[in-house]
Every structure is written in C-alpha cells, then in structure tokens.
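Dropping my_file.cif in here (mmCIF, C-alpha atoms):
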data_entry
#
loop_
_atom_site.group_PDB
_atom_site.id
_atom_site.type_symbol
_atom_site.label_atom_id
_atom_site.label_comp_id
_atom_site.auth_asym_id
_atom_site.auth_seq_id
_atom_site.Cartn_x
_atom_site.Cartn_y
_atom_site.Cartn_z
ATOM 1 C CA MET Q 218 110.761 145.576 62.224
ATOM 2 C CA GLU Q 219 107.107 145.357 63.300
ATOM 3 C CA GLY Q 220 106.547 142.324 61.061
ATOM 4 C CA ALA Q 221 109.501 140.495 62.597
ATOM 5 C CA LEU Q 222 108.254 141.276 66.097
ATOM 6 C CA LYS Q 223 104.750 140.082 65.235
ATOM 7 C CA ASN Q 224 106.093 136.827 63.733
ATOM 8 C CA THR Q 225 108.298 136.218 66.791
ATOM 9 C CA VAL Q 226 105.395 136.741 69.203
ATOM 10 C CA LEU Q 227 103.084 134.509 67.142
ATOM 11 C CA SER Q 228 105.729 131.769 66.901
ATOM 12 C CA LEU Q 229 106.404 131.849 70.640
ATOM 13 C CA THR Q 230 102.686 131.835 71.411
ATOM 14 C CA ALA Q 231 102.097 128.831 69.142
ATOM 15 C CA LEU Q 232 105.026 126.917 70.635
ATOM 16 C CA LEU Q 233 103.967 127.652 74.188
ATOM 17 C CA SER Q 234 100.340 126.714 73.548
ATOM 18 C CA ILE Q 235 101.475 123.338 72.185
ATOM 19 C CA LEU Q 236 103.677 122.767 75.226
ATOM 20 C CA LEU Q 237 100.989 123.923 77.651
ATOM 21 C CA SER Q 238 98.319 121.684 76.202
ATOM 22 C CA GLY Q 239 100.054 118.444 77.197
ATOM 23 C CA THR Q 240 102.110 119.364 80.246
ATOM 24 C CA ALA Q 241 100.980 119.272 83.840
ATOM 25 C CA ASN Q 242 102.526 121.732 86.278
ATOM 26 C CA ALA Q 243 103.510 124.196 83.552
ATOM 27 C CA GLU Q 244 103.215 127.932 83.920
ATOM 28 C CA LEU Q 245 102.977 130.813 81.464
ATOM 29 C CA ALA Q 246 103.607 134.407 82.551
ATOM 30 C CA ILE Q 247 103.435 137.713 80.702
ATOM 31 C CA GLY Q 248 104.718 140.968 82.091
ATOM 32 C CA ILE Q 249 106.462 144.310 81.826
ATOM 33 C CA SER Q 250 109.986 145.199 82.957
ATOM 34 C CA LYS Q 251 112.337 148.156 83.073
ATOM 35 C CA ASP Q 252 116.135 148.271 83.123
ATOM 36 C CA ILE Q 253 116.994 149.812 86.483
ATOM 37 C CA ILE Q 254 120.777 150.314 86.219
ATOM 38 C CA HIS Q 255 122.389 151.037 82.825
ATOM 39 C CA ALA Q 256 119.525 151.909 80.470
ATOM 40 C CA GLU Q 257 116.640 153.348 82.434
ATOM 41 C CA GLU Q 258 114.862 154.300 79.205
ATOM 42 C CA ALA Q 259 114.566 150.604 78.241
ATOM 43 C CA ASN Q 260 111.031 149.251 78.824
ATOM 44 C CA ALA Q 261 110.371 145.589 78.060
ATOM 45 C CA LEU Q 262 107.595 143.100 77.426
ATOM 46 C CA LEU Q 263 108.245 139.674 78.907
ATOM 47 C CA LEU Q 264 106.909 136.208 78.081
ATOM 48 C CA ARG Q 265 108.035 133.340 80.334
ATOM 49 C CA TYR Q 266 107.238 129.629 80.327
ATOM 50 C CA ASP Q 267 108.233 127.208 83.098
ATOM 51 C CA LEU Q 268 108.025 123.421 83.197
ATOM 52 C CA ARG Q 269 107.989 123.099 86.981
ATOM 53 C CA ASP Q 270 108.403 119.302 87.145
ATOM 54 C CA TRP Q 271 111.484 119.432 84.900
ATOM 55 C CA HIS Q 272 113.005 122.615 86.439
ATOM 56 C CA LEU Q 273 113.268 124.137 82.956
ATOM 57 C CA GLY Q 274 112.228 127.575 81.816
ATOM 58 C CA GLY Q 275 112.208 129.724 78.727
ATOM 59 C CA GLN Q 276 111.939 133.476 78.444
ATOM 60 C CA GLY Q 277 111.499 135.916 75.589
ATOM 61 C CA MET Q 278 111.733 139.688 75.932
ATOM 62 C CA VAL Q 279 111.404 142.684 73.633
ATOM 63 C CA TRP Q 280 112.507 146.185 74.663
ATOM 64 C CA ASN Q 281 113.245 149.592 73.242
ATOM 65 C CA PHE Q 282 116.796 150.985 73.337
ATOM 66 C CA GLU Q 283 118.236 153.895 71.363
ATOM 67 C CA ASP Q 284 115.223 154.091 69.011
ATOM 68 C CA LYS Q 285 115.257 150.399 68.071
ATOM 69 C CA LEU Q 286 113.693 147.186 69.315
ATOM 70 C CA VAL Q 287 115.965 144.657 70.973
ATOM 71 C CA SER Q 288 114.841 141.102 71.665
ATOM 72 C CA SER Q 289 116.131 138.179 73.671
ATOM 73 C CA ILE Q 290 115.282 134.528 73.943
ATOM 74 C CA GLY Q 291 116.707 132.151 76.484
ATOM 75 C CA LEU Q 292 116.515 128.806 78.235
ATOM 76 C CA ASP Q 293 117.318 128.212 81.880
ATOM 77 C CA LEU Q 294 117.292 125.888 84.843
ATOM 78 C CA THR Q 295 114.792 126.955 87.497
ATOM 79 C CA TYR Q 296 114.732 126.152 91.183
ATOM 80 C CA SER Q 297 111.873 127.121 93.503
ATOM 81 C CA ILE Q 298 111.858 127.535 97.279
ATOM 82 C CA SER Q 299 108.455 128.449 98.694
ATOM 83 C CA LEU Q 300 107.546 131.822 97.107
ATOM 84 C CA LEU Q 301 110.961 132.342 95.471
ATOM 85 C CA ASP Q 302 112.147 131.255 92.026
ATOM 86 C CA PHE Q 303 115.804 131.284 90.948
ATOM 87 C CA ASN Q 304 117.081 130.628 87.430
ATOM 88 C CA ILE Q 305 120.357 130.487 85.545
ATOM 89 C CA GLY Q 306 120.716 129.925 81.837
ATOM 90 C CA LEU Q 307 121.749 131.085 78.394
ATOM 91 C CA ALA Q 308 120.224 133.869 76.330
ATOM 92 C CA TYR Q 309 120.580 135.246 72.812
ATOM 93 C CA ILE Q 310 120.199 139.038 72.478
ATOM 94 C CA SER Q 311 119.475 140.426 69.013
ATOM 95 C CA ASP Q 312 121.508 143.647 69.307
ATOM 96 C CA ILE Q 313 125.116 144.336 70.294
ATOM 97 C CA SER Q 314 125.565 147.617 72.164
ATOM 98 C CA GLU Q 315 127.652 149.271 74.853
ATOM 99 C CA ILE Q 316 125.377 147.533 77.384
ATOM 100 C CA ASN Q 317 126.163 144.048 76.037
ATOM 101 C CA GLY Q 318 128.971 143.367 73.597
ATOM 102 C CA THR Q 319 127.840 139.975 72.272
ATOM 103 C CA HIS Q 320 124.740 138.173 71.080
ATOM 104 C CA ARG Q 321 125.428 135.166 73.348
ATOM 105 C CA ASN Q 322 124.894 135.849 77.048
ATOM 106 C CA PHE Q 323 124.146 134.153 80.299
ATOM 107 C CA SER Q 324 121.058 135.002 82.296
ATOM 108 C CA LEU Q 325 120.388 135.100 86.002
ATOM 109 C CA GLY Q 326 116.971 135.675 87.458
ATOM 110 C CA THR Q 327 114.950 135.663 90.604
ATOM 111 C CA ALA Q 328 111.279 136.186 91.287
ATOM 112 C CA ILE Q 329 108.961 136.543 94.236
ATOM 113 C CA ASN Q 330 105.558 134.982 93.641
ATOM 114 C CA ILE Q 331 102.834 137.087 95.231
ATOM 115 C CA GLY Q 332 99.552 135.272 95.454
ATOM 116 C CA GLU Q 333 98.379 132.880 92.793
ATOM 117 C CA HIS Q 334 98.900 135.110 89.738
ATOM 118 C CA SER Q 335 101.389 137.920 90.470
ATOM 119 C CA ARG Q 336 105.165 137.885 90.356
ATOM 120 C CA VAL Q 337 107.872 140.499 90.880
ATOM 121 C CA ASN Q 338 110.862 139.455 88.792
ATOM 122 C CA PHE Q 339 114.476 140.505 88.227
ATOM 123 C CA THR Q 340 116.486 139.369 85.183
ATOM 124 C CA HIS Q 341 120.166 140.056 84.473
ATOM 125 C CA PHE Q 342 121.800 139.391 81.087
ATOM 126 C CA SER Q 343 125.586 139.551 80.776
ATOM 127 C CA ASN Q 344 128.207 138.281 78.365
ATOM 128 C CA GLY Q 345 130.902 137.527 80.952
ATOM 129 C CA HIS Q 346 133.608 139.407 78.997
ATOM 130 C CA ASN Q 347 135.670 142.383 80.116
ATOM 131 C CA GLU Q 348 134.539 144.671 77.276
ATOM 132 C CA ASN Q 349 130.957 145.952 77.035
ATOM 133 C CA ASN Q 350 129.818 143.867 79.959
ATOM 134 C CA ASN Q 351 127.583 146.297 81.831
ATOM 135 C CA GLY Q 352 124.661 143.930 81.353
ATOM 136 C CA TRP Q 353 120.923 144.415 81.209
ATOM 137 C CA ASN Q 354 119.112 144.508 84.563
ATOM 138 C CA PHE Q 355 115.341 144.282 84.295
ATOM 139 C CA LEU Q 356 112.951 144.614 87.226
ATOM 140 C CA GLY Q 357 109.339 143.873 86.442
ATOM 141 C CA LEU Q 358 105.895 142.635 87.273
ATOM 142 C CA SER Q 359 104.301 139.582 85.646
ATOM 143 C CA TYR Q 360 100.901 137.931 85.550
ATOM 144 C CA ARG Q 361 101.028 134.125 85.868
ATOM 145 C CA PHE Q 362 98.402 131.978 84.136
#

Encoded form using structure tokens:
Amino acid sequence: MEGALKNTVLSLTALLSILLSGTANAELAIGISKDIIHAEEANALLLRYDLRDWHLGGQGMVWNFEDKLVSSIGLDLTYSISLLDFNIGLAYISDISEINGTHRNFSLGTAINIGEHSRVNFTHFSNGHNENNNGWNFLGLSYRF
C-alpha cells in the first residue's frame, strides 16, 4: 500500500509541476483535513491545483479509515468571489464503504482564502444514491503556493 501511495504522490507532483511551469495564474495548495460528520477518525492529506483563468481545478486526497488508506482524485469547475472559492465536480474514491457506496462520486467544495497563503476549506464527496450515501465531509487548512 505504501508503494502505491508513494507512486500516486510522485505522479501527481510531476503532473502538477509540468502544468505549473507553463501556466500563469495557477495555484497549488497542500493541506490537512478531517471528516467532521460521519468518520471523525478520518484524517486526510490534500493536494489541490487550480487553473484560475480557466475556472478548472483538480484535487487529490489520501485519508485513513478503518485501518486502511483511502484515496480520491477529482476534477471540478471553480468559481471565485473575493476571498471565497466554490467548486463542483466529479471524484473517484478508491474504497467503497458505508460512508460512500460507489467509486464514482460528485464533489462540492468551498474555501475561504485567508491572506496570501492560507485557506480554510470544506469538501463534500457523495454518490447521489439512496444507499450508502452519508458522504465524506472534510474540513481542513491548506497552504497555497
């Protein structure tokens, strides 16, 4: 499991560094989050990339749940108003559980940008079905580069 996590992080880092090198008005953020509703023991690492001019974003997360690592990767549309960011998109979650019953999910997020480098963020993942649709609800703090 550790090898897969390492390869995922390295792949995302390489992809983001390529994108960052040629794109103006792009932003990379790294942070920590915690599920605040259904799985309070779930602590996550977050990597987010936004192309501000195109209103596109991508987010990868890894968290612990029931003695295993769960990961997600997603793409979204992002809209900013002053200090606030809003996003809606699609996400793939590696594990099916009683929190989320499918791999394919939608994502909703909001963030408050505090100063030049800090952000308080909230991310919700849900599958939109009636069964196993409690959803993940992560509240966190990120550092923006």

Report as a PyMOL selection string the full result of the PyMOL selection byres ((chain Q and resi 251) around 12) when it is applied to this structure. chain Q and resi 248-250+252-263+278-282+337-341+353-358

For Glu244 in chain Q, which residue among Q:Ser289, Q:Ser311, Q:Asn317, Q:Ser359 is the nearest when counting all atoms listed in the file? Q:Ser359

Out of Q:Val287, Q:Leu268, Q:Leu273, Q:Ile247, which residue has the shortest atom-to-atom distance to Gly306 in chain Q when counting only C-alpha atoms?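 Between Q:Val287, Q:Leu268, Q:Leu273, Q:Ile247, the residue approaching Gly306 in chain Q most closely is Q:Leu273.
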
Test item: the PyMOL selection byres ((chain Q and resi 293-305) around 10) resolved as a PyMOL selection string: chain Q and resi 267-276+291-292+306-308+323-332+336-341

Report, in Å to a single decimal, how far apart CA of Glu283 in chain Q and CA of Glu315 in chain Q are. 11.1 Å

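The nearest approach to Asp312 in chain Q among the residues Q:Asn344, Q:Ser288, Q:Asn242, Q:Ser335, with all atoms listed in the file taken into account, belongs to Q:Ser288.
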
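Interatomic distance, CA of Ile313 in chain Q against CA of Leu245 in chain Q: 28.2 Å.
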
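What separates CA of Leu264 in chain Q from CA of Asn351 in chain Q is a distance of 23.3 Å.
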
So that I can check the surroundings of Gly352 in chain Q, please list as a ChimeraX atom specification every protein, DNA and RNA residue that reaches within 6 Å of it, counting only C-alpha atoms and ignoring chain neighbours fewer than 4 positions away. /Q:316-317,342-343
